[in-house]
Structure formats: C-alpha cells, structure tokens
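The next block holds one structure in the form of structure tokens; read it before the comments.
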Amino acid sequence: MSERSIICFILYLQISSFFLDFVDASESNDEVKIEVLYLPENCTQKARKGDLLNAHYDGYLAKDGSQFYCSRSAKSGDPHWFVLGVGDVIKGLDLGLKDMCPGEKRKITVPPSLAFGEQGKHPVPPNATVIFEVELLHVRRGPRSIEAFKEMDINNDRSLTKEEVYQHLKMEAAKLKVQKEESYFQDVVTDVFRRNDKDEDGTLSVKEYNVYEHDEL
C-alpha cells in the first residue's frame, strides 16, 4: 500500500468512524494465550484500543498446525491496517494485540469462543482453536483518539461544535487533495451529530466523541 493510499485510508477512517457502532470486546484475556516471540529494545509505544495498527500475521489450526492464512502471500502480500478493539479483527486478536509495540512478534492462541465460534469460517472448521503469529509493524493514533479531538477543539473548551468538525474534515480533505462538494461535508457533520450528540445540546463532549475509550484529556 502506497503512502498516499495509507493517508487516504486514515482520512476515510476519520470520517467513517463516526458512523461505526461501537463493538466492545471483553476485557478479560484469561482465555487468550500470549507468547512474546520477539520484543524490541525500544518498546515505549504500545497499542491501545482505538489505535490504527499495521501488521503481518499467519493463522494456524491448533489441532494439526496446518496454516489457513498468511498475509504475506494473500492477495497483494501487504500487511493489514485495522483499528484495535472495535471488531475489525476477531475478539481474540483484539485482546491478544493489546500493549504490543512496533517490531514486536507474538504467538496468540485463541479459543473458538473468541475466534470463529461454533460455525467456523472457511477454511477454519467449527469449534476450532486457532493460533496467530503476528508481527506488528506500525502503530498510529486512531480516528477517535484524544489527539484528534484536540485538533478539532479549536477554542479548547472540551467540546466540539458542528463548525469545528466541519472545518476539520475540510482541512483533512485539502491536505490529501481530495475534492468533495460542500454538501458532502455538511451531510457528514449532520449525521455525526445525529448519531453521537446524546444530550442534543448541539456539541460533542469528550465522552460522546471518544467512543474508543482512549486516554482522558
């Protein structure tokens, strides 16, 4: 994936993440077995819920060790981008990748209940325990991070107005040289507030905006 494609993907997340229903994976990782295969010396940046991760991973069946997936050989062979903790990947990986740092490699064993369940998903059979070997390449703050909130909160009043969200979306589009009609941004802002302004006061509080439960301000 090119740098421009990555940036466009991030802009897409910044806009479309407002429309995603929050998917909450269980906080208990008792059923997920994590084995650190390699830990880089510098491990200060750690993945948290809501972060945008880029990773390669291989999937194996625990029963016989047969491989059912390899990101390096699938399609273009590019690593995958996904947001941690919101259901972009199976629950077992949402739990098993938490606190992982760029360059780290892990072996994550996931029981059926946190993987593909009783139904399975071809080529993974029903009720299968799966093992993933994951190499995390990059961690970026996700579209619902406190950093993104602060960028939009121009007057630093800890709330977002429709105008602030509107101007932020236009600014991001301009940076990427993405051309959209004015009505497009207005429609996005209208839907953002319809879905997230729970108290209907015309602004988004930190709690209303920060659905990924990132750091506090």
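Letters A, B, ... mark the chains of the structure tokens in the order given; residue numbers begin at 1 per chain; ligand numbers begin at 1, in order shown.
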Legend entry - Sel. of strand (DSSP E or B) residues, range 18-202 of chain A, as an MDAnalysis selection string: chainID A and resid 33:38 52:61 67:70 80:83 105:110 121 124 130:140 159:161
Within 7 Å of Tyr166 in chain A using only C-alpha atoms, minus same-chain residues under 5 positions, as a short mmCIF file (atom, residue, chain, number, x, y, z; two decimals) with N, CA and C atoms, in the first residue's frame:
```
data_model
loop_
_atom_site.label_atom_id
_atom_site.label_comp_id
_atom_site.auth_asym_id
_atom_site.auth_seq_id
_atom_site.Cartn_x
_atom_site.Cartn_y
_atom_site.Cartn_z
N PHE A 185 -19.64 17.38 3.06
CA PHE A 185 -19.17 17.63 4.43
C PHE A 185 -20.33 17.99 5.35
N GLN A 186 -21.28 18.75 4.84
CA GLN A 186 -22.43 19.12 5.65
C GLN A 186 -23.26 17.90 6.03
N VAL A 189 -21.36 15.93 8.77
CA VAL A 189 -21.48 16.58 10.08
C VAL A 189 -22.87 16.38 10.66
#
```
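Residues with any atom within 12 Å of Val32 in chain A, counting only C-alpha atoms and excluding same-chain neighbours fewer than 2 positions away, are Ser26, Glu27, Ser28, Asn29, Asp30, Ile34, Glu35, Ile90, Lys91, Gly92, Leu93, Asp94, Leu95, Gly96, Leu97, Lys98, Lys107, Ile108, Thr109, Val110, Pro111, Pro112, Ser113, Leu114, Ala115, Thr129, Val130, Ile131 and Phe132 of chain A.
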Legend entry - Of the listed residues A:Glu133, A:Pro79, A:Gly85, A:Asn127, that which approaches Gly59 in chain A most closely, counting only C-alpha atoms: A:Glu133
Legend entry - Nearest-residue call for Lys63 in chain A, choices A:Gly117, A:Gly202, A:Pro125, A:Pro102, using only C-alpha atoms: A:Pro125
